Structure formats: structure tokens, C-alpha cells
>>> print(open('run_18.cif').read())   # mmCIF, C-alpha atoms
data_work
#
loop_
_atom_site.label_atom_id
_atom_site.label_comp_id
_atom_site.auth_asym_id
_atom_site.auth_seq_id
_atom_site.Cartn_x
_atom_site.Cartn_y
_atom_site.Cartn_z
CA MET A 1 5.28 -39.64 49.97
CA THR A 2 1.66 -39.46 48.81
CA ALA A 3 1.47 -35.81 49.83
CA LEU A 4 4.66 -35.02 47.88
CA VAL A 5 3.39 -36.73 44.73
CA GLY A 6 0.05 -34.94 45.08
CA ALA A 7 1.83 -31.58 45.46
CA LEU A 8 3.93 -32.23 42.35
CA VAL A 9 0.87 -33.25 40.33
CA GLY A 10 -1.01 -30.16 41.52
CA ALA A 11 1.93 -27.92 40.63
CA GLY A 12 2.09 -29.49 37.16
CA VAL A 13 -1.63 -28.93 36.58
CA TRP A 14 -1.28 -25.32 37.75
CA LEU A 15 1.66 -24.72 35.39
CA VAL A 16 -0.23 -26.20 32.44
CA GLY A 17 -3.20 -24.01 33.26
CA ARG A 18 -1.07 -20.88 33.49
CA GLY A 19 0.52 -21.74 30.15
CA LEU A 20 -2.85 -22.22 28.41
CA LEU A 21 -4.36 -18.99 29.71
CA ARG A 22 -3.63 -15.95 27.58
CA ARG A 23 -2.22 -13.04 29.52
CA PRO A 24 -2.42 -9.40 28.36
CA VAL A 25 0.83 -8.21 26.81
CA PRO A 26 2.06 -4.75 27.91
CA LEU A 27 1.81 -2.19 25.12
CA LEU A 28 5.48 -1.16 25.25
CA ARG A 29 6.68 -4.76 24.93
CA ALA A 30 4.24 -5.43 22.09
CA LEU A 31 5.53 -2.38 20.20
CA ARG A 32 9.14 -3.43 20.82
CA GLU A 33 8.47 -6.92 19.50
CA TYR A 34 6.63 -5.43 16.53
CA ARG A 35 9.63 -3.26 15.60
CA ASP A 36 12.15 -6.10 15.99
CA PRO A 37 13.26 -7.56 12.66
CA ILE A 38 11.63 -10.91 11.89
CA VAL A 39 14.12 -13.65 11.02
CA ARG A 40 12.95 -15.71 8.04
CA SER A 41 13.02 -19.46 8.22
CA GLY A 42 15.45 -19.66 5.30
CA GLU A 43 18.19 -17.66 7.05
CA THR A 44 21.13 -19.65 8.31
CA GLY A 45 24.44 -18.96 9.99
CA ALA A 46 25.01 -16.23 12.52
CA ASP A 47 21.81 -14.32 11.65
CA GLY A 48 19.65 -17.40 12.12
CA LEU A 49 21.34 -18.22 15.42
CA ALA A 50 20.87 -14.64 16.63
CA GLY A 51 17.21 -14.75 15.66
CA TRP A 52 16.72 -18.03 17.52
CA ARG A 53 18.47 -16.58 20.56
CA ASN A 54 16.27 -13.48 20.49
CA ARG A 55 13.09 -15.54 20.25
CA ALA A 56 14.24 -17.80 23.08
CA GLU A 57 15.05 -14.78 25.28
CA ARG A 58 11.68 -13.17 24.62
CA ARG A 59 9.92 -16.43 25.40
CA ALA A 60 11.94 -16.78 28.61
CA LEU A 61 10.88 -13.29 29.64
CA GLN A 62 7.25 -14.17 29.04
CA VAL A 63 7.61 -17.33 31.14
CA VAL A 64 9.25 -15.45 34.03
CA GLU A 65 6.63 -12.71 33.93
CA SER A 66 3.82 -15.30 33.79
CA PHE A 67 4.92 -16.52 37.22
CA GLY A 68 4.51 -13.01 38.60
CA PHE A 69 8.23 -12.13 38.86
CA ASP A 70 9.04 -8.52 38.05
CA LEU A 71 12.54 -7.89 36.70
CA GLY A 72 12.00 -4.16 37.02
CA THR A 73 13.69 -4.21 40.42
CA LEU A 74 16.92 -5.20 38.65
CA ARG A 75 16.63 -2.50 35.99
CA ALA A 76 19.62 -0.47 37.23
CA ASP A 77 21.84 -3.57 37.53
CA LEU A 78 20.83 -4.74 34.07
CA ARG A 79 21.46 -1.28 32.65
CA ILE A 80 25.00 -0.93 33.99
CA VAL A 81 25.92 -4.50 33.01
CA GLY A 82 24.51 -3.98 29.52
CA ARG A 83 22.02 -6.82 29.65
CA SER A 84 18.36 -6.73 28.69
CA PRO A 85 15.57 -8.17 30.88
CA ALA A 86 14.97 -10.87 28.25
CA GLN A 87 18.62 -11.95 28.37
CA HIS A 88 18.53 -12.11 32.15
CA ALA A 89 15.32 -14.13 32.13
CA PHE A 90 16.93 -16.57 29.71
CA ALA A 91 19.98 -16.84 31.99
CA LYS A 92 17.74 -17.53 35.01
CA LEU A 93 15.82 -20.31 33.27
CA ALA A 94 18.99 -21.77 31.77
CA GLY A 95 20.67 -21.82 35.17
CA ALA A 96 17.65 -23.48 36.76
CA SER A 97 17.54 -26.10 34.01
CA VAL A 98 21.25 -26.87 34.22
CA ALA A 99 21.16 -27.11 38.02
CA ALA A 100 18.10 -29.38 37.89
CA GLY A 101 19.78 -31.60 35.31
CA ALA A 102 22.91 -31.78 37.48
CA GLY A 103 20.83 -32.80 40.51
CA ALA A 104 19.03 -35.50 38.49
CA ALA A 105 22.36 -36.73 37.11
CA VAL A 106 23.79 -36.99 40.64
CA GLY A 107 20.79 -39.05 41.78
CA PHE A 108 20.99 -41.30 38.71
CA GLY A 109 24.74 -41.73 39.16
CA ALA A 110 24.24 -42.67 42.81
CA ARG A 111 21.81 -45.39 41.73
CA LEU A 112 24.33 -46.70 39.20
CA VAL A 113 27.01 -47.14 41.88
CA GLY A 114 24.56 -48.95 44.15
CA LEU A 115 23.75 -46.23 46.70
CA ALA A 116 20.04 -46.16 45.74
CA PRO A 117 18.94 -42.84 47.32
CA PRO A 118 15.20 -42.45 47.97
CA VAL A 119 13.05 -40.87 45.28
CA TRP A 120 12.05 -37.97 47.51
CA GLY A 121 15.73 -37.22 48.14
CA VAL A 122 16.39 -36.93 44.40
CA LEU A 123 13.30 -34.74 43.98
CA VAL A 124 14.45 -32.48 46.80
CA LEU A 125 17.91 -32.27 45.23
CA VAL A 126 16.39 -31.32 41.87
CA ALA A 127 14.13 -28.73 43.52
CA LEU A 128 17.09 -27.19 45.35
CA GLY A 129 19.00 -27.13 42.08
CA VAL A 130 16.16 -25.31 40.32
CA LEU A 131 15.92 -22.76 43.13
CA GLY A 132 19.67 -22.27 43.32
CA GLY A 133 20.09 -21.88 39.57
CA TYR A 134 17.16 -19.47 39.33
CA VAL A 135 18.24 -17.26 42.24
CA GLY A 136 21.96 -17.63 41.53
CA ALA A 137 21.56 -15.66 38.29
CA ASP A 138 20.40 -12.66 40.33
CA GLY A 139 23.38 -12.98 42.66
CA ALA A 140 25.80 -13.15 39.75
CA LEU A 141 24.14 -10.09 38.20
CA ARG A 142 24.42 -8.06 41.42
CA LYS A 143 28.09 -9.03 41.80
CA LYS A 144 28.85 -8.01 38.22
CA ALA A 145 26.92 -4.74 38.69
CA ALA A 146 28.91 -3.94 41.86
CA GLU A 147 32.17 -4.49 39.97
CA ARG A 148 30.99 -2.24 37.14
CA ARG A 149 30.03 0.49 39.61
CA GLU A 150 33.53 0.35 41.12
CA GLN A 151 34.98 0.69 37.62
CA PHE A 152 32.63 3.59 36.95
CA LEU A 153 33.74 5.35 40.11
CA ARG A 154 37.43 5.04 39.18
CA ALA A 155 36.80 6.30 35.66
CA LEU A 156 34.62 9.13 36.98
CA SER A 157 37.50 10.24 39.21
CA ALA A 158 39.80 10.37 36.17
CA TYR A 159 37.10 12.22 34.23
CA MET A 160 36.80 14.86 36.94
CA ASP A 161 40.58 15.29 37.00
CA LEU A 162 40.45 16.02 33.27
CA VAL A 163 37.61 18.48 33.80
CA LYS A 164 39.58 20.22 36.55
CA ILE A 165 42.62 20.56 34.29
CA LEU A 166 40.55 21.97 31.41
CA VAL A 167 38.76 24.45 33.66
CA ALA A 168 42.05 25.56 35.18
CA GLY A 169 43.35 26.09 31.64
CA GLY A 170 40.58 28.59 30.90
CA SER A 171 37.83 26.41 29.40
CA HIS A 172 34.20 27.01 30.27
CA SER A 173 32.75 24.48 32.71
CA ASP A 174 30.17 23.11 30.25
CA GLY A 175 32.74 22.90 27.48
CA ALA A 176 35.20 21.18 29.79
CA LEU A 177 32.59 18.56 30.66
CA PHE A 178 31.99 17.84 26.97
CA GLN A 179 35.69 17.83 26.03
CA ALA A 180 36.72 15.56 28.90
CA ALA A 181 34.03 13.05 27.97
CA ALA A 182 35.20 13.06 24.33
CA VAL A 183 38.87 12.57 25.24
CA GLY A 184 38.49 9.40 27.31
CA SER A 185 37.90 5.87 26.06
CA GLY A 186 36.14 2.85 27.49
CA TRP A 187 32.58 1.98 28.37
CA VAL A 188 32.40 4.53 31.21
CA PHE A 189 33.41 7.42 28.97
CA ASP A 190 30.97 6.13 26.36
CA GLU A 191 28.20 6.46 28.97
CA LEU A 192 29.39 9.97 29.86
CA LYS A 193 29.52 10.97 26.20
CA ALA A 194 26.02 9.59 25.67
CA ALA A 195 24.78 11.63 28.64
CA MET A 196 26.41 14.77 27.25
CA ASP A 197 25.00 14.12 23.76
CA TRP A 198 21.52 13.62 25.23
CA SER A 199 21.67 16.93 27.07
CA ARG A 200 23.00 18.71 23.98
CA VAL A 201 20.38 17.26 21.60
CA ASN A 202 17.52 18.05 23.99
CA GLY A 203 18.80 21.54 24.77
CA ARG A 204 19.30 20.73 28.45
CA PRO A 205 22.22 21.59 30.75
CA PRO A 206 24.88 18.91 31.41
CA SER A 207 23.46 18.39 34.90
CA ALA A 208 20.26 17.00 33.34
CA GLY A 209 22.24 14.41 31.39
CA PHE A 210 24.13 13.34 34.50
CA GLN A 211 20.90 13.20 36.50
CA ARG A 212 19.34 10.92 33.87
CA LEU A 213 22.42 8.69 33.81
CA ALA A 214 22.47 8.45 37.63
CA ALA A 215 18.83 7.36 37.66
CA GLU A 216 19.52 4.66 35.07
CA ILE A 217 22.65 3.06 36.56
CA ASP A 218 22.10 3.89 40.27
CA VAL A 219 25.48 5.50 40.97
CA PRO A 220 25.07 8.15 43.71
CA ASP A 221 28.32 9.93 42.81
CA VAL A 222 26.96 10.83 39.37
CA GLU A 223 23.86 12.29 40.99
CA GLU A 224 26.05 14.31 43.36
CA LEU A 225 28.04 15.58 40.36
CA ALA A 226 24.80 16.66 38.67
CA ALA A 227 23.72 18.46 41.85
CA THR A 228 27.10 20.23 42.06
CA ILE A 229 26.87 21.45 38.47
CA ARG A 230 23.28 22.56 38.93
CA LEU A 231 24.05 24.49 42.13
CA THR A 232 26.99 26.30 40.55
CA ALA A 233 24.71 27.43 37.73
CA GLU A 234 21.85 28.49 40.02
CA GLN A 235 23.81 30.05 42.91
CA GLY A 236 26.51 31.72 40.84
CA ALA A 237 29.38 29.91 42.54
CA SER A 238 32.74 29.43 40.89
CA PRO A 239 32.53 26.38 38.57
CA ALA A 240 36.28 25.87 38.76
CA ASP A 241 36.29 25.66 42.56
CA ALA A 242 33.21 23.43 42.68
CA LEU A 243 34.52 20.99 40.08
CA ALA A 244 37.97 20.95 41.68
CA CYS A 245 36.43 20.11 45.07
CA LYS A 246 34.34 17.36 43.49
CA ALA A 247 37.41 15.90 41.76
CA GLU A 248 39.38 15.90 45.03
CA MET A 249 36.46 14.28 46.86
CA LEU A 250 36.21 11.50 44.26
CA SER A 251 39.94 10.89 44.44
CA ALA A 252 39.78 10.66 48.24
CA LEU A 253 36.79 8.31 48.02
CA GLU A 254 38.59 6.07 45.53
CA LEU A 255 41.67 5.97 47.79
CA ALA A 256 39.52 5.11 50.82
CA ASN A 257 37.79 2.30 48.92
CA ALA A 258 41.15 0.93 47.79
CA ARG A 259 42.45 0.96 51.37
CA MET A 260 39.28 -0.71 52.66
CA LYS A 261 39.57 -3.43 50.02
CA ALA A 262 43.25 -3.97 50.84
CA ASP A 263 42.51 -4.22 54.58
CA SER A 264 39.73 -6.72 53.91
CA THR A 265 42.04 -8.83 51.76
CA THR A 266 44.72 -8.73 54.47
CA GLU A 267 42.23 -9.90 57.09
CA ARG A 268 41.10 -12.78 54.88
CA MET A 269 44.73 -13.80 54.32
CA SER A 270 45.26 -14.10 58.10
CA ILE A 271 42.48 -16.71 58.46
CA PRO A 272 44.54 -19.65 57.09
CA THR A 273 47.43 -18.72 59.40
CA VAL A 274 45.17 -18.75 62.44
CA VAL A 275 43.68 -22.11 61.42
CA VAL A 276 47.16 -23.62 60.99
CA ALA A 277 48.26 -22.24 64.38
CA ILE A 278 45.20 -23.70 66.12
CA ALA A 279 45.76 -27.08 64.45
CA PHE A 280 49.44 -27.05 65.50
CA VAL A 281 48.55 -26.28 69.13
CA MET A 282 45.97 -29.07 69.15
CA PHE A 283 48.49 -31.49 67.61
CA VAL A 284 51.15 -30.65 70.19
CA GLY A 285 48.87 -30.46 73.22
CA TYR A 286 46.65 -33.46 72.54
CA PRO A 287 49.10 -36.15 73.90
CA ALA A 288 49.59 -34.25 77.14
CA LEU A 289 45.88 -33.67 77.52
CA SER A 290 45.13 -37.33 76.79
CA SER A 291 47.69 -38.50 79.38
CA LEU A 292 46.23 -36.13 81.97
CA LEU A 293 42.72 -37.42 81.34
CA GLU A 294 43.90 -41.03 81.67
CA MET A 295 45.53 -40.25 85.04
CA LEU A 296 42.25 -38.86 86.29
#
>>> encode(input="run_18.cif", output="C-alpha cells")
Amino acid sequence: MTALVGALVGAGVWLVGRGLLRRPVPLLRALREYRDPIVRSGETGADGLAGWRNRAERRALQVVESFGFDLGTLRADLRIVGRSPAQHAFAKLAGASVAAGAGAAVGFGARLVGLAPPVWGVLVLVALGVLGGYVGADGALRKKAAERREQFLRALSAYMDLVKILVAGGSHSDGALFQAAAVGSGWVFDELKAAMDWSRVNGRPPSAGFQRLAAEIDVPDVEELAATIRLTAEQGASPADALACKAEMLSALELANARMKADSTTERMSIPTVVVAIAFVMFVGYPALSSLLEML
């Protein structure tokens, strides 16, 4: 117990020291904070609440970075979910605080009903809550990012079908890519339109826009599409055939993923049936087995 208290006191002193020491602020973040609009103290309502939220998120990001955690490894997941590193840092600290409060409330409630758990048990419960809430935000982010990537793949398949139809109708491959992106709606087509607009504004081919988008959101199929478009332009292959093959491949991949997901769901649905069957066999066979053991 003495060692645990000493460790907690030492950790508190270390945290206070880290908070008092000034750390160098990266130049890009300093410029971003400089350009952000400053919310005046007299503002109220939605603007004041948004300003408070922004300040809290920036402070949460500073706290997370002060502990040496780099959110850059989650950049692609944050990008496809549409969340900034500051917002994710705020979610991590909020989750840790809520989980710690829940653990403390459980320990206090146990004392109220007369269970009286040991102090170290409550501290361990609070520590586990902090760790679970802090790490759980990353797990929730990865799950949401995986769902968004599945949505992106389905929308990309529909996008390539539109491109194939436009190319078959006589449109140029580059023009078909722009037109198909402008026709669709939804966040995926907004990303595709932004990629096309970036390549048009910078005087680059569409493959450059897709390559940039693939690097930001970490979707390999977009990178493969960029490589297909680039190879057709460099090698002189038929754009119509290449885009049609890519569209068919994406459709086959989407169908395979749907079948895999359906098979996995079917397998999970069979687990309760197996459990019920095993319980029924044990219920029926237990009297006979008990009688046999008594005879022995």
C-alpha cells in the first residue's frame, strides 16, 4: 500500500512538473492557431459555445502531445471520418474522465451499500477506467473509419460504373471522370469532386488527384485507380477498356465482400443454436450420468 501511494504521489509530481514546463509549439500549429478567429468574451449563444469547444479541443491536443503521444499515426482514419486531431484528443480525454468517474462512482456506491471494497481496489478500478476510456476512443475511431472505407468502396464502384457508361457513350476518359464525379451525391462523391477540382486547379492529370486522395484516406482501391489511369496515359492503352476492367473488378470485389460479410453473420448466428443444443444434451444426460456415477 505504501508503494502504491508513493507511486501515485510521484506520478502527480511528474504531471505537475510537465504542466509547468513550457514546451516548444510546432510552427504549423502556431500558425493555425494564429489564423483561427478569436472568440470575444462578450459573445454568447452558439458562437460562444463553439469557441469554448474549440479552445477545449486545442488544449486537449496540447495535453495529449505533452505526454508524448503522436496522433499522426491516426491521420488517415481521422481524415476519412472527418475529425480533426484536436477533436479526437478531446474525445480521448473525455472518455478517460467519464470512465474514471464511473469507476469512482462504483466504488463509492459499493461503500454505501456496505461492501466496503479496499482503497487499492477502487484505485485500480479508476486506473483501468482511465486506460479503457483513453484507448477506447482509438478503437471507436478505427471502427468508424473501417465502416467509412466500406462505404467509399461501394460508392467508388458506382462511380466507376458511371465512368464506364460515359466512356462507352463517346466521352473522353478525363471528361468522364469529371462528369461522373459531378453527377453523384454524398460524402464520397464530394471527396471525388474535390480530388478532381484539385487536379484541375493545379493543372495535373486526374490520376494525381486520385493519388493524393488515396494517400490521405488510405484506400488502396483509389490508388489502384490512379495507377490504372496513369498507365493508360503513359502506355497508350485504351482508356475505355482499362476503366471498364477496373469497374468490373470493383463490382466483383464489392460482391465478394458482401458474401464474406453474409457468411460471417451466418456463422455467428449458429453459435446460439450450438450453445442451446449443448445445454439440452447436458440437461437430458445429466440424470443418467449421475445415476451411473452413484452405482460406481
>>> residues_around(input="run_18.cif", residues="segment 186-191 of chain A", least_positions_apart="5", cutoff="8 Å", atoms="only C-alpha atoms", output="PyMOL selection string")
chain A and resi 151-152+155-156+181+213
>>> atom_distance(input="run_18.cif", atom1="atom CA of Gly136 of chain A", atom2="atom CA of Ser97 of chain A")
12.2 Å
>>> atom_distance(input="run_18.cif", atom1="atom CA of Arg149 of chain A", atom2="atom CA of Val219 of chain A")
6.9 Å
>>> closest_residue(input="run_18.cif", among="A:Leu177, A:Ile80, A:Leu131, A:Ile278", to="Gly95 of chain A", atoms="all atoms listed in the file")
A:Leu131
>>> atom_distance(input="run_18.cif", atom1="atom CA of Glu150 of chain A", atom2="atom CA of Ala180 of chain A")
19.8 Å
